[in-house]
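What follows is the content of entry_6.cif (mmCIF, C-alpha atoms).
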```
data_coords
#
loop_
_atom_site.label_atom_id
_atom_site.label_comp_id
_atom_site.auth_asym_id
_atom_site.auth_seq_id
_atom_site.Cartn_x
_atom_site.Cartn_y
_atom_site.Cartn_z
CA MET N 1 -14.25 -17.83 -102.19
CA ASP N 2 -11.48 -18.23 -104.76
CA GLU N 3 -9.13 -21.18 -104.85
CA ARG N 4 -6.47 -19.35 -102.87
CA GLY N 5 -8.84 -18.81 -99.97
CA GLU N 6 -8.48 -22.49 -99.17
CA ARG N 7 -4.67 -22.53 -99.11
CA GLY N 8 -3.15 -23.86 -95.93
CA GLU N 9 -6.17 -25.96 -94.95
CA ARG N 10 -5.01 -29.18 -96.59
CA GLY N 11 -3.62 -32.03 -94.52
CA GLU N 12 -4.55 -33.46 -91.14
CA TRP N 13 -2.95 -31.55 -88.29
CA GLY N 14 -4.54 -33.20 -85.25
CA GLU N 15 -4.85 -31.55 -81.87
CA ARG N 16 -1.92 -29.14 -82.10
CA GLY N 17 -3.75 -26.48 -84.08
CA ASP N 18 -4.05 -25.05 -87.54
CA ALA N 19 -2.00 -25.91 -90.59
CA PRO N 20 1.50 -24.42 -90.36
CA ARG N 21 2.63 -21.48 -92.46
CA LEU N 22 6.33 -21.42 -91.54
CA LEU N 23 8.42 -24.51 -90.80
CA LEU N 24 11.97 -25.02 -89.60
CA ALA N 25 13.67 -27.59 -91.84
CA SER N 26 15.87 -30.26 -90.28
CA LEU N 27 19.62 -29.65 -89.88
CA SER N 28 21.60 -32.83 -89.26
CA GLY N 29 23.21 -32.82 -85.86
CA GLU N 30 21.66 -29.48 -84.89
CA ALA N 31 17.86 -29.70 -85.14
CA ASP N 32 16.86 -30.95 -81.69
CA ALA N 33 14.31 -29.84 -79.10
CA ARG N 34 16.44 -26.93 -77.92
CA TRP N 35 16.74 -25.68 -81.52
CA ALA N 36 12.98 -25.98 -81.96
CA HIS N 37 12.30 -24.06 -78.75
CA ALA N 38 14.55 -21.24 -79.95
CA GLY N 39 12.56 -20.96 -83.18
CA SER N 40 9.13 -21.26 -81.56
CA PRO N 41 8.42 -17.50 -81.39
CA TYR N 42 8.44 -17.44 -85.20
CA ALA N 43 7.69 -20.87 -86.67
CA ASP N 44 4.70 -23.20 -86.40
CA LEU N 45 6.40 -26.56 -86.91
CA ALA N 46 9.99 -27.76 -86.47
CA MET N 47 11.36 -30.84 -88.23
CA LEU N 48 13.90 -32.41 -85.88
CA GLY N 49 16.69 -34.52 -87.28
CA GLY N 50 17.64 -35.95 -89.60
CA VAL N 51 17.82 -39.05 -87.48
CA THR N 52 19.32 -42.23 -88.90
CA VAL N 53 17.33 -45.16 -87.52
CA ASP N 54 18.60 -48.42 -89.01
CA ALA N 55 22.01 -50.09 -88.99
CA ARG N 56 22.96 -49.18 -92.55
CA SER N 57 22.01 -45.53 -92.28
CA ARG N 58 23.74 -45.20 -88.92
CA GLU N 59 26.98 -46.62 -90.30
CA ALA N 60 26.74 -44.13 -93.17
CA ALA N 61 26.27 -41.34 -90.62
CA ARG N 62 29.37 -42.48 -88.76
CA ARG N 63 31.34 -42.17 -91.98
CA LEU N 64 29.95 -38.65 -92.40
CA VAL N 65 31.12 -37.74 -88.90
CA ARG N 66 34.59 -38.99 -89.76
CA ARG N 67 34.74 -36.31 -92.44
CA ASP N 68 33.60 -33.63 -89.99
CA ARG N 69 29.87 -33.51 -90.67
CA SER N 70 27.50 -33.09 -87.73
CA GLU N 71 25.13 -36.01 -87.13
CA PHE N 72 22.81 -37.32 -84.43
CA LEU N 73 24.18 -40.73 -83.38
CA PRO N 74 22.62 -41.56 -80.00
CA PRO N 75 22.95 -45.14 -78.70
CA ASP N 76 19.27 -45.77 -79.44
CA PRO N 77 17.67 -43.53 -82.09
CA LEU N 78 14.12 -44.41 -81.05
CA VAL N 79 14.78 -43.44 -77.43
CA PHE N 80 16.33 -40.22 -78.73
CA ILE N 81 13.24 -39.43 -80.84
CA ASP N 82 10.92 -40.17 -77.91
CA PHE N 83 12.94 -37.94 -75.56
CA GLN N 84 13.17 -35.05 -78.01
CA LEU N 85 9.45 -35.08 -78.78
CA ALA N 86 8.56 -35.30 -75.09
CA ALA N 87 10.70 -32.22 -74.48
CA LEU N 88 8.44 -30.28 -76.87
CA ALA N 89 5.13 -31.46 -75.40
CA ASP N 90 4.37 -28.08 -73.82
CA SER N 91 5.98 -25.94 -76.50
CA PRO N 92 3.89 -23.70 -78.75
CA ILE N 93 5.70 -25.14 -81.76
CA ARG N 94 4.58 -28.43 -83.22
CA ALA N 95 7.24 -31.05 -83.87
CA GLY N 96 8.09 -33.39 -86.67
CA VAL N 97 10.99 -35.79 -87.14
CA ASN N 98 12.98 -36.19 -90.36
CA VAL N 99 14.11 -39.82 -90.57
CA ARG N 100 16.68 -41.52 -92.76
CA SER N 101 16.54 -45.27 -93.17
CA ALA N 102 17.48 -47.91 -95.72
CA THR N 103 14.92 -50.39 -94.38
CA VAL N 104 11.22 -50.13 -93.67
CA GLY N 105 10.96 -51.69 -90.19
CA PRO N 106 12.56 -48.82 -88.25
CA VAL N 107 10.48 -46.37 -90.30
CA ALA N 108 7.28 -47.88 -88.90
CA ALA N 109 8.70 -47.90 -85.36
CA ALA N 110 9.73 -44.24 -85.52
CA ALA N 111 6.39 -43.27 -87.05
CA ARG N 112 4.55 -44.92 -84.15
CA LEU N 113 6.52 -42.69 -81.76
CA CYS N 114 5.57 -39.64 -83.81
CA ALA N 115 1.92 -40.68 -83.73
CA ALA N 116 2.06 -41.05 -79.93
CA HIS N 117 3.40 -37.49 -79.62
CA ASP N 118 1.06 -36.00 -82.26
CA ALA N 119 4.15 -35.23 -84.33
CA VAL N 120 4.71 -35.32 -88.07
CA PHE N 121 6.86 -38.11 -89.47
CA GLU N 122 9.07 -37.08 -92.40
CA VAL N 123 10.63 -39.57 -94.81
CA ASN N 124 14.00 -38.23 -95.92
CA ALA N 125 14.28 -38.66 -99.69
CA HIS N 126 16.47 -35.58 -99.85
CA CYS N 127 20.02 -36.08 -98.54
CA ARG N 128 22.52 -36.51 -101.36
CA GLN N 129 25.74 -37.41 -99.51
CA ASP N 130 27.44 -40.37 -101.17
CA GLU N 131 27.67 -42.31 -97.91
CA LEU N 132 23.91 -42.23 -97.46
CA CYS N 133 23.06 -42.86 -101.08
CA ARG N 134 25.30 -45.92 -101.24
CA VAL N 135 23.26 -47.65 -98.52
CA GLY N 136 19.89 -46.71 -100.03
CA CYS N 137 18.96 -43.61 -98.03
CA GLY N 138 18.02 -40.09 -98.90
CA GLU N 139 17.98 -39.07 -102.55
CA THR N 140 18.25 -42.74 -103.60
CA LEU N 141 14.58 -43.11 -102.69
CA LEU N 142 13.65 -40.56 -105.36
CA ARG N 143 14.98 -42.96 -107.98
CA ASP N 144 13.00 -45.87 -106.53
CA THR N 145 9.44 -44.61 -106.15
CA ALA N 146 8.04 -48.03 -105.26
CA ARG N 147 10.35 -48.29 -102.23
CA LEU N 148 9.64 -44.69 -101.25
CA CYS N 149 5.92 -45.43 -101.33
CA GLU N 150 6.52 -48.52 -99.16
CA PHE N 151 8.13 -46.28 -96.54
CA VAL N 152 5.27 -43.78 -96.77
CA SER N 153 2.63 -46.48 -96.41
CA ALA N 154 4.36 -48.00 -93.38
CA ALA N 155 4.53 -44.61 -91.66
CA ALA N 156 0.93 -43.74 -92.52
CA ASP N 157 -0.26 -47.11 -91.23
CA ALA N 158 1.46 -46.29 -87.94
CA GLY N 159 -0.91 -43.35 -87.53
CA ALA N 160 1.38 -40.35 -88.02
CA PRO N 161 0.86 -37.54 -90.53
CA VAL N 162 3.50 -38.29 -93.16
CA SER N 163 5.71 -35.74 -94.89
CA VAL N 164 8.14 -36.58 -97.68
CA LYS N 165 11.23 -34.35 -98.01
CA VAL N 166 12.56 -34.26 -101.59
CA ARG N 167 14.81 -32.18 -103.79
CA ALA N 168 14.39 -30.87 -107.31
CA GLU N 169 16.87 -31.24 -110.17
CA VAL N 170 17.61 -34.94 -109.65
CA PRO N 171 18.23 -36.35 -113.15
CA GLY N 172 15.54 -38.73 -114.30
CA VAL N 173 13.15 -37.85 -111.46
CA ASP N 174 9.74 -36.30 -112.19
CA LEU N 175 8.80 -34.65 -108.89
CA ALA N 176 5.21 -34.07 -109.97
CA GLU N 177 4.77 -37.80 -110.62
CA THR N 178 6.56 -38.62 -107.36
CA ALA N 179 4.16 -36.35 -105.51
CA ARG N 180 1.17 -38.06 -107.09
CA ARG N 181 2.50 -41.49 -106.12
CA VAL N 182 3.29 -40.65 -102.49
CA GLN N 183 -0.08 -38.97 -102.11
CA GLU N 184 -1.71 -42.25 -103.15
CA ALA N 185 0.54 -44.09 -100.67
CA GLY N 186 -0.70 -42.01 -97.74
CA ALA N 187 1.50 -38.91 -97.53
CA THR N 188 -0.17 -35.68 -96.48
CA VAL N 189 2.81 -33.31 -96.77
CA PHE N 190 5.33 -32.84 -99.60
CA HIS N 191 8.38 -30.81 -98.56
CA VAL N 192 10.28 -29.65 -101.63
CA ASP N 193 13.81 -28.31 -101.74
CA ALA N 194 13.30 -26.49 -105.04
CA MET N 195 17.01 -25.85 -105.65
CA ASP N 196 17.10 -23.37 -108.59
CA SER N 197 13.80 -24.62 -110.07
CA GLU N 198 11.26 -22.65 -108.08
CA SER N 199 8.48 -23.23 -110.61
CA VAL N 200 8.52 -26.96 -109.79
CA ILE N 201 6.22 -26.00 -106.92
CA ALA N 202 3.46 -25.20 -109.43
CA ASP N 203 4.03 -28.53 -111.21
CA VAL N 204 3.69 -30.46 -107.96
CA ASP N 205 0.62 -28.47 -106.92
CA ARG N 206 -1.15 -29.38 -110.14
CA ALA N 207 -0.18 -33.06 -109.98
CA ALA N 208 -1.09 -33.71 -106.33
CA PRO N 209 -3.57 -31.06 -105.21
CA GLU N 210 -4.46 -32.82 -101.94
CA LEU N 211 -0.92 -32.72 -100.60
CA PHE N 212 0.06 -29.96 -98.19
CA LEU N 213 2.96 -28.40 -100.09
CA VAL N 214 5.96 -26.89 -98.31
CA ALA N 215 8.58 -24.97 -100.32
CA ASN N 216 12.21 -24.84 -99.21
CA ASN N 217 15.46 -23.29 -100.50
CA GLY N 218 16.51 -19.68 -100.30
CA VAL N 219 13.62 -18.59 -98.06
CA ARG N 220 15.05 -15.41 -96.58
CA ASP N 221 12.71 -12.47 -97.26
CA GLY N 222 9.39 -11.26 -98.62
CA ALA N 223 10.33 -11.78 -102.24
CA THR N 224 11.19 -15.46 -101.83
CA VAL N 225 8.15 -16.09 -99.63
CA ALA N 226 5.79 -14.52 -102.15
CA GLU N 227 7.39 -16.38 -105.06
CA TYR N 228 6.83 -19.79 -103.50
CA LEU N 229 3.34 -19.05 -102.19
CA ASP N 230 2.31 -17.59 -105.54
CA TYR N 231 3.48 -20.80 -107.22
CA GLY N 232 1.08 -22.75 -105.00
CA ALA N 233 2.92 -23.67 -101.80
CA ASP N 234 0.83 -23.89 -98.64
CA ALA N 235 3.81 -23.02 -96.44
CA VAL N 236 7.53 -22.30 -96.60
CA SER N 237 10.45 -23.64 -94.59
CA VAL N 238 13.75 -22.14 -93.49
CA GLY N 239 16.84 -24.35 -93.41
CA ARG N 240 20.34 -23.07 -92.63
CA PRO N 241 19.20 -19.64 -91.33
CA SER N 242 16.80 -21.27 -88.84
CA THR N 243 19.17 -20.26 -86.03
CA ASP N 244 19.09 -16.57 -87.06
CA PRO N 245 16.16 -14.76 -85.41
CA ARG N 246 16.52 -11.80 -87.78
CA VAL N 247 15.79 -14.02 -90.77
CA LEU N 248 13.00 -15.85 -88.97
CA GLN N 249 11.27 -12.63 -87.98
CA ARG N 250 11.54 -11.26 -91.51
CA VAL N 251 10.14 -14.46 -93.03
CA ARG N 252 7.37 -14.71 -90.43
CA ARG N 253 6.18 -11.21 -91.22
CA ALA N 254 6.29 -11.88 -94.96
CA VAL N 255 4.28 -15.09 -94.57
CA ASP N 256 1.66 -13.41 -92.42
CA ASP N 257 1.42 -10.45 -94.79
CA TRP N 258 0.92 -12.75 -97.77
CA PHE N 259 -1.84 -14.78 -96.15
CA ALA N 260 -3.50 -11.67 -94.72
CA ALA N 261 -3.63 -10.10 -98.17
CA ARG N 262 -5.09 -13.26 -99.70
CA SER N 263 -7.69 -13.73 -97.00
CA ALA N 264 -8.67 -10.09 -96.35
CA ASP N 265 -12.05 -10.48 -98.00
CA THR N 266 -12.82 -13.87 -96.41
CA GLY N 267 -12.02 -13.29 -92.75
CA ARG N 268 -9.83 -16.42 -92.68
CA GLY N 269 -6.45 -14.91 -91.85
CA ARG N 270 -5.09 -15.17 -88.29
CA PRO N 271 -1.50 -13.89 -88.36
CA HIS N 272 1.12 -15.28 -86.00
CA GLN N 273 2.49 -12.66 -83.58
CA PRO N 274 6.29 -12.92 -83.22
CA PRO N 275 8.12 -10.81 -80.65
CA ASP N 276 8.73 -7.25 -81.85
CA THR N 277 12.21 -6.99 -80.41
CA LEU N 278 14.30 -7.04 -83.56
CA ALA N 279 14.53 -4.15 -85.98
CA THR N 280 13.96 -5.05 -89.60
CA SER N 281 14.52 -3.02 -92.72
CA ASP N 282 15.34 -3.44 -96.37
CA ASP N 283 18.99 -3.53 -95.30
CA ASP N 284 18.32 -6.85 -93.52
CA ARG N 285 17.45 -8.68 -96.71
CA VAL N 286 19.69 -11.70 -97.32
CA ASP N 287 20.81 -12.94 -100.72
CA ARG N 288 19.55 -16.37 -101.78
CA SER N 289 23.06 -17.63 -102.44
#
```
Serialized structure, structure tokens:
Amino acid sequence: MDERGERGERGEWGERGDAPRLLLASLSGEADARWAHAGSPYADLAMLGGVTVDARSREAARRLVRRDRSEFLPPDPLVFIDFQLAALADSPIRAGVNVRSATVGPVAAAARLCAAHDAVFEVNAHCRQDELCRVGCGETLLRDTARLCEFVSAAADAGAPVSVKVRAEVPGVDLAETARRVQEAGATVFHVDAMDSESVIADVDRAAPELFLVANNGVRDGATVAEYLDYGADAVSVGRPSTDPRVLQRVRRAVDDWFAARSADTGRGRPHQPPDTLATSDDDRVDRS
């Protein structure tokens, strides 16, 4: 078996089935249990959130709402996480929760809830809004790898599979080195918004080969799916178009076709079967812009 025959088997996925191929990436203020249910005919795992869980991050989220951004701001974020995950207990889609925090205590508490629901806990080191960065959330963690690793370790110690959501093209940040460090800290998933630097996926794959690598940004069609998987991603995720079933069906088919082609001589492929109710054609392809 060649190296590619093993793709998609990395990471610990517990009782909810095989490693995912297609994920729904979190959309602040939109990605809840209802959103995940809607995407379940196509995707394997849905990252709910982002959910702000400590006082500083929640105040930053309130400031975002005041400038018309959508945010989850329930009275108790931990109760909200518990309720949303419970709502997906019988769903075919597995759940994860993308969490933003400036302090480590609420990270551990939220991760314990994820562990109890067999859900993935995702540290948000991705958001770049000034309000969040000023309080130490999101992208700020990429510039402070030691603190990011502290968050990862706390979540891993709580018993949840830990994902880290990051973005490329942050000045002064070496994503390959970040991946290596968070892998050592206990992360099992590295979720990369590649921006316009798609080849960073190959750099991360070489630096941290044990991480389950998810590629995000511009995933709309067969060409983008193949590009990321060829670079070494184990799965891809869809962000803003995650509410568009035409895009999800097109991406699902492309993912299954790619893995089927790679595993044809090993017998390992088991394609997902989305509903065949939407017509697709070359005319449905969506630009990456």
>> Ranking N:Ala55, N:Ala109, N:Val99, N:Ala187 by minimum distance to N:Val135 and counting all atoms listed in the file, which one comes first?
In response: N:Ala55
> Could you write out as a PyMOL selection string the residues that the PyMOL selection byres ((chain N and resi 64-81) around 12) matches in the shown file?
Replying inline: chain N and resi 26-33+47-55+57-63+82-88+95-101+106-117+119-121+127-133
Grab the residues selected above and save them as a PDB file, in the coordinates of the input with C-alpha atoms.
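Result file is selection-v4.pdb:
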```
ATOM      1  CA  SER N  26      15.870 -30.260 -90.280  1.00  0.00           C
ATOM      2  CA  LEU N  27      19.620 -29.650 -89.880  1.00  0.00           C
ATOM      3  CA  SER N  28      21.600 -32.830 -89.260  1.00  0.00           C
ATOM      4  CA  GLY N  29      23.210 -32.820 -85.860  1.00  0.00           C
ATOM      5  CA  GLU N  30      21.660 -29.480 -84.890  1.00  0.00           C
ATOM      6  CA  ALA N  31      17.860 -29.700 -85.140  1.00  0.00           C
ATOM      7  CA  ASP N  32      16.860 -30.950 -81.690  1.00  0.00           C
ATOM      8  CA  ALA N  33      14.310 -29.840 -79.100  1.00  0.00           C
ATOM      9  CA  MET N  47      11.360 -30.840 -88.230  1.00  0.00           C
ATOM     10  CA  LEU N  48      13.900 -32.410 -85.880  1.00  0.00           C
ATOM     11  CA  GLY N  49      16.690 -34.520 -87.280  1.00  0.00           C
ATOM     12  CA  GLY N  50      17.640 -35.950 -89.600  1.00  0.00           C
ATOM     13  CA  VAL N  51      17.820 -39.050 -87.480  1.00  0.00           C
ATOM     14  CA  THR N  52      19.320 -42.230 -88.900  1.00  0.00           C
ATOM     15  CA  VAL N  53      17.330 -45.160 -87.520  1.00  0.00           C
ATOM     16  CA  ASP N  54      18.600 -48.420 -89.010  1.00  0.00           C
ATOM     17  CA  ALA N  55      22.010 -50.090 -88.990  1.00  0.00           C
ATOM     18  CA  SER N  57      22.010 -45.530 -92.280  1.00  0.00           C
ATOM     19  CA  ARG N  58      23.740 -45.200 -88.920  1.00  0.00           C
ATOM     20  CA  GLU N  59      26.980 -46.620 -90.300  1.00  0.00           C
ATOM     21  CA  ALA N  60      26.740 -44.130 -93.170  1.00  0.00           C
ATOM     22  CA  ALA N  61      26.270 -41.340 -90.620  1.00  0.00           C
ATOM     23  CA  ARG N  62      29.370 -42.480 -88.760  1.00  0.00           C
ATOM     24  CA  ARG N  63      31.340 -42.170 -91.980  1.00  0.00           C
ATOM     25  CA  ASP N  82      10.920 -40.170 -77.910  1.00  0.00           C
ATOM     26  CA  PHE N  83      12.940 -37.940 -75.560  1.00  0.00           C
ATOM     27  CA  GLN N  84      13.170 -35.050 -78.010  1.00  0.00           C
ATOM     28  CA  LEU N  85       9.450 -35.080 -78.780  1.00  0.00           C
ATOM     29  CA  ALA N  86       8.560 -35.300 -75.090  1.00  0.00           C
ATOM     30  CA  ALA N  87      10.700 -32.220 -74.480  1.00  0.00           C
ATOM     31  CA  LEU N  88       8.440 -30.280 -76.870  1.00  0.00           C
ATOM     32  CA  ALA N  95       7.240 -31.050 -83.870  1.00  0.00           C
ATOM     33  CA  GLY N  96       8.090 -33.390 -86.670  1.00  0.00           C
ATOM     34  CA  VAL N  97      10.990 -35.790 -87.140  1.00  0.00           C
ATOM     35  CA  ASN N  98      12.980 -36.190 -90.360  1.00  0.00           C
ATOM     36  CA  VAL N  99      14.110 -39.820 -90.570  1.00  0.00           C
ATOM     37  CA  ARG N 100      16.680 -41.520 -92.760  1.00  0.00           C
ATOM     38  CA  SER N 101      16.540 -45.270 -93.170  1.00  0.00           C
ATOM     39  CA  PRO N 106      12.560 -48.820 -88.250  1.00  0.00           C
ATOM     40  CA  VAL N 107      10.480 -46.370 -90.300  1.00  0.00           C
ATOM     41  CA  ALA N 108       7.280 -47.880 -88.900  1.00  0.00           C
ATOM     42  CA  ALA N 109       8.700 -47.900 -85.360  1.00  0.00           C
ATOM     43  CA  ALA N 110       9.730 -44.240 -85.520  1.00  0.00           C
ATOM     44  CA  ALA N 111       6.390 -43.270 -87.050  1.00  0.00           C
ATOM     45  CA  ARG N 112       4.550 -44.920 -84.150  1.00  0.00           C
ATOM     46  CA  LEU N 113       6.520 -42.690 -81.760  1.00  0.00           C
ATOM     47  CA  CYS N 114       5.570 -39.640 -83.810  1.00  0.00           C
ATOM     48  CA  ALA N 115       1.920 -40.680 -83.730  1.00  0.00           C
ATOM     49  CA  ALA N 116       2.060 -41.050 -79.930  1.00  0.00           C
ATOM     50  CA  HIS N 117       3.400 -37.490 -79.620  1.00  0.00           C
ATOM     51  CA  ALA N 119       4.150 -35.230 -84.330  1.00  0.00           C
ATOM     52  CA  VAL N 120       4.710 -35.320 -88.070  1.00  0.00           C
ATOM     53  CA  PHE N 121       6.860 -38.110 -89.470  1.00  0.00           C
ATOM     54  CA  CYS N 127      20.020 -36.080 -98.540  1.00  0.00           C
ATOM     55  CA  ARG N 128      22.520 -36.510-101.360  1.00  0.00           C
ATOM     56  CA  GLN N 129      25.740 -37.410 -99.510  1.00  0.00           C
ATOM     57  CA  ASP N 130      27.440 -40.370-101.170  1.00  0.00           C
ATOM     58  CA  GLU N 131      27.670 -42.310 -97.910  1.00  0.00           C
ATOM     59  CA  LEU N 132      23.910 -42.230 -97.460  1.00  0.00           C
ATOM     60  CA  CYS N 133      23.060 -42.860-101.080  1.00  0.00           C
TER      61      CYS N 133
END
```
> Taking only C-alpha atoms into account, which of N:Arg143, N:Arg246, N:Arg94, N:His126 comes nearest N:Leu22?
Replying inline: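 Using only C-alpha atoms, N:Leu22 sits closest to N:Arg94.
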Any chance you could resolve the PyMOL selection byres ((chain N and resi 188-200) around 9) against this file and give the residues as a PDB file with C-alpha atoms, keeping the file's coordinate frame?
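Wrote out_8.pdb, looks like this:
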```
ATOM      1  CA  ARG N  10      -5.010 -29.180 -96.590  1.00  0.00           C
ATOM      2  CA  GLY N  11      -3.620 -32.030 -94.520  1.00  0.00           C
ATOM      3  CA  GLU N  12      -4.550 -33.460 -91.140  1.00  0.00           C
ATOM      4  CA  GLU N 122       9.070 -37.080 -92.400  1.00  0.00           C
ATOM      5  CA  HIS N 126      16.470 -35.580 -99.850  1.00  0.00           C
ATOM      6  CA  PRO N 161       0.860 -37.540 -90.530  1.00  0.00           C
ATOM      7  CA  VAL N 162       3.500 -38.290 -93.160  1.00  0.00           C
ATOM      8  CA  SER N 163       5.710 -35.740 -94.890  1.00  0.00           C
ATOM      9  CA  VAL N 164       8.140 -36.580 -97.680  1.00  0.00           C
ATOM     10  CA  LYS N 165      11.230 -34.350 -98.010  1.00  0.00           C
ATOM     11  CA  VAL N 166      12.560 -34.260-101.590  1.00  0.00           C
ATOM     12  CA  ARG N 167      14.810 -32.180-103.790  1.00  0.00           C
ATOM     13  CA  ALA N 168      14.390 -30.870-107.310  1.00  0.00           C
ATOM     14  CA  GLU N 169      16.870 -31.240-110.170  1.00  0.00           C
ATOM     15  CA  LEU N 175       8.800 -34.650-108.890  1.00  0.00           C
ATOM     16  CA  ALA N 176       5.210 -34.070-109.970  1.00  0.00           C
ATOM     17  CA  ALA N 179       4.160 -36.350-105.510  1.00  0.00           C
ATOM     18  CA  VAL N 182       3.290 -40.650-102.490  1.00  0.00           C
ATOM     19  CA  GLN N 183      -0.080 -38.970-102.110  1.00  0.00           C
ATOM     20  CA  GLY N 186      -0.700 -42.010 -97.740  1.00  0.00           C
ATOM     21  CA  ALA N 187       1.500 -38.910 -97.530  1.00  0.00           C
ATOM     22  CA  ILE N 201       6.220 -26.000-106.920  1.00  0.00           C
ATOM     23  CA  ALA N 202       3.460 -25.200-109.430  1.00  0.00           C
ATOM     24  CA  ASP N 203       4.030 -28.530-111.210  1.00  0.00           C
ATOM     25  CA  VAL N 204       3.690 -30.460-107.960  1.00  0.00           C
ATOM     26  CA  ASP N 205       0.620 -28.470-106.920  1.00  0.00           C
ATOM     27  CA  GLU N 210      -4.460 -32.820-101.940  1.00  0.00           C
ATOM     28  CA  LEU N 211      -0.920 -32.720-100.600  1.00  0.00           C
ATOM     29  CA  PHE N 212       0.060 -29.960 -98.190  1.00  0.00           C
ATOM     30  CA  LEU N 213       2.960 -28.400-100.090  1.00  0.00           C
ATOM     31  CA  VAL N 214       5.960 -26.890 -98.310  1.00  0.00           C
ATOM     32  CA  ALA N 215       8.580 -24.970-100.320  1.00  0.00           C
ATOM     33  CA  ASN N 216      12.210 -24.840 -99.210  1.00  0.00           C
ATOM     34  CA  ASN N 217      15.460 -23.290-100.500  1.00  0.00           C
ATOM     35  CA  GLY N 218      16.510 -19.680-100.300  1.00  0.00           C
ATOM     36  CA  GLU N 227       7.390 -16.380-105.060  1.00  0.00           C
ATOM     37  CA  TYR N 228       6.830 -19.790-103.500  1.00  0.00           C
ATOM     38  CA  TYR N 231       3.480 -20.800-107.220  1.00  0.00           C
ATOM     39  CA  VAL N 236       7.530 -22.300 -96.600  1.00  0.00           C
ATOM     40  CA  SER N 237      10.450 -23.640 -94.590  1.00  0.00           C
TER      41      SER N 237
END
```
> So how far away is atom CA of N:Pro209 from atom CA of N:Val173, in Å?
Replying inline: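 Interatomic distance here is 19.1 Å.
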> Between atom CA of N:Leu45 and atom CA of N:Ala25, what is the spacing in Å?
Replying inline: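 Answer for the atom CA of N:Ala25 to atom CA of N:Leu45 separation: 8.8 Å.
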> Near N:Leu141, within 8 Å and counting all atoms listed in the file, which residues show up once chain neighbours fewer than 6 positions away are dropped, as a list in words?
Replying inline: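 Neighbouring residues, sequence-local ones excluded: Ala125, Arg147 and Leu148 of chain N.
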>> For a cutoff of 7 Å around the file-coordinate point (7.7, -19.3, -81.3), which residues qualify once you count only C-alpha atoms? I'd like the result as a VMD selection string.
In response: chain N and resid 39 to 43 92 to 93 274
> Of the candidates N:Ala38, N:Ala185, N:Val104, N:Ala46, which shows the shortest atom-to-atom distance to N:Gly136, using only C-alpha atoms?
Replying inline: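 The shortest atom-to-atom distance to N:Gly136 comes from N:Val104.
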> For N:Trp258, which residue among N:Val170, N:Leu23, N:Val152, N:Ala223 is the nearest when counting all atoms listed in the file?
Replying inline: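 Between N:Val170, N:Leu23, N:Val152, N:Ala223, the residue approaching N:Trp258 most closely is N:Ala223.
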> Looking at all atoms listed in the file, which of N:Ala155, N:Arg252, N:Ala160, N:Asp144 is the one that sits closest to N:Asp174?
Replying inline: N:Asp144
> Between atom CA of N:Cys137 and atom CA of N:Arg220, what is the spacing in Å?
Replying inline: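 If I compute the distance from atom CA of N:Arg220 to atom CA of N:Cys137, I get 28.5 Å.
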> With all atoms listed in the file as the atoms that count, which of N:Ala226, N:Asp221, N:Ser263, N:Gly232 lies nearest to N:Gln249?
Replying inline: N:Asp221
>> Which residues would end up in the selection if the PyMOL selection byres ((chain N and resi 244) around 12) were applied here, given that I need the answer as an NGL selection string?
In response: :N and (24 or 35 or 38-39 or 42 or 220 or 238-243 or 245-251 or 278 or 284 or 286)
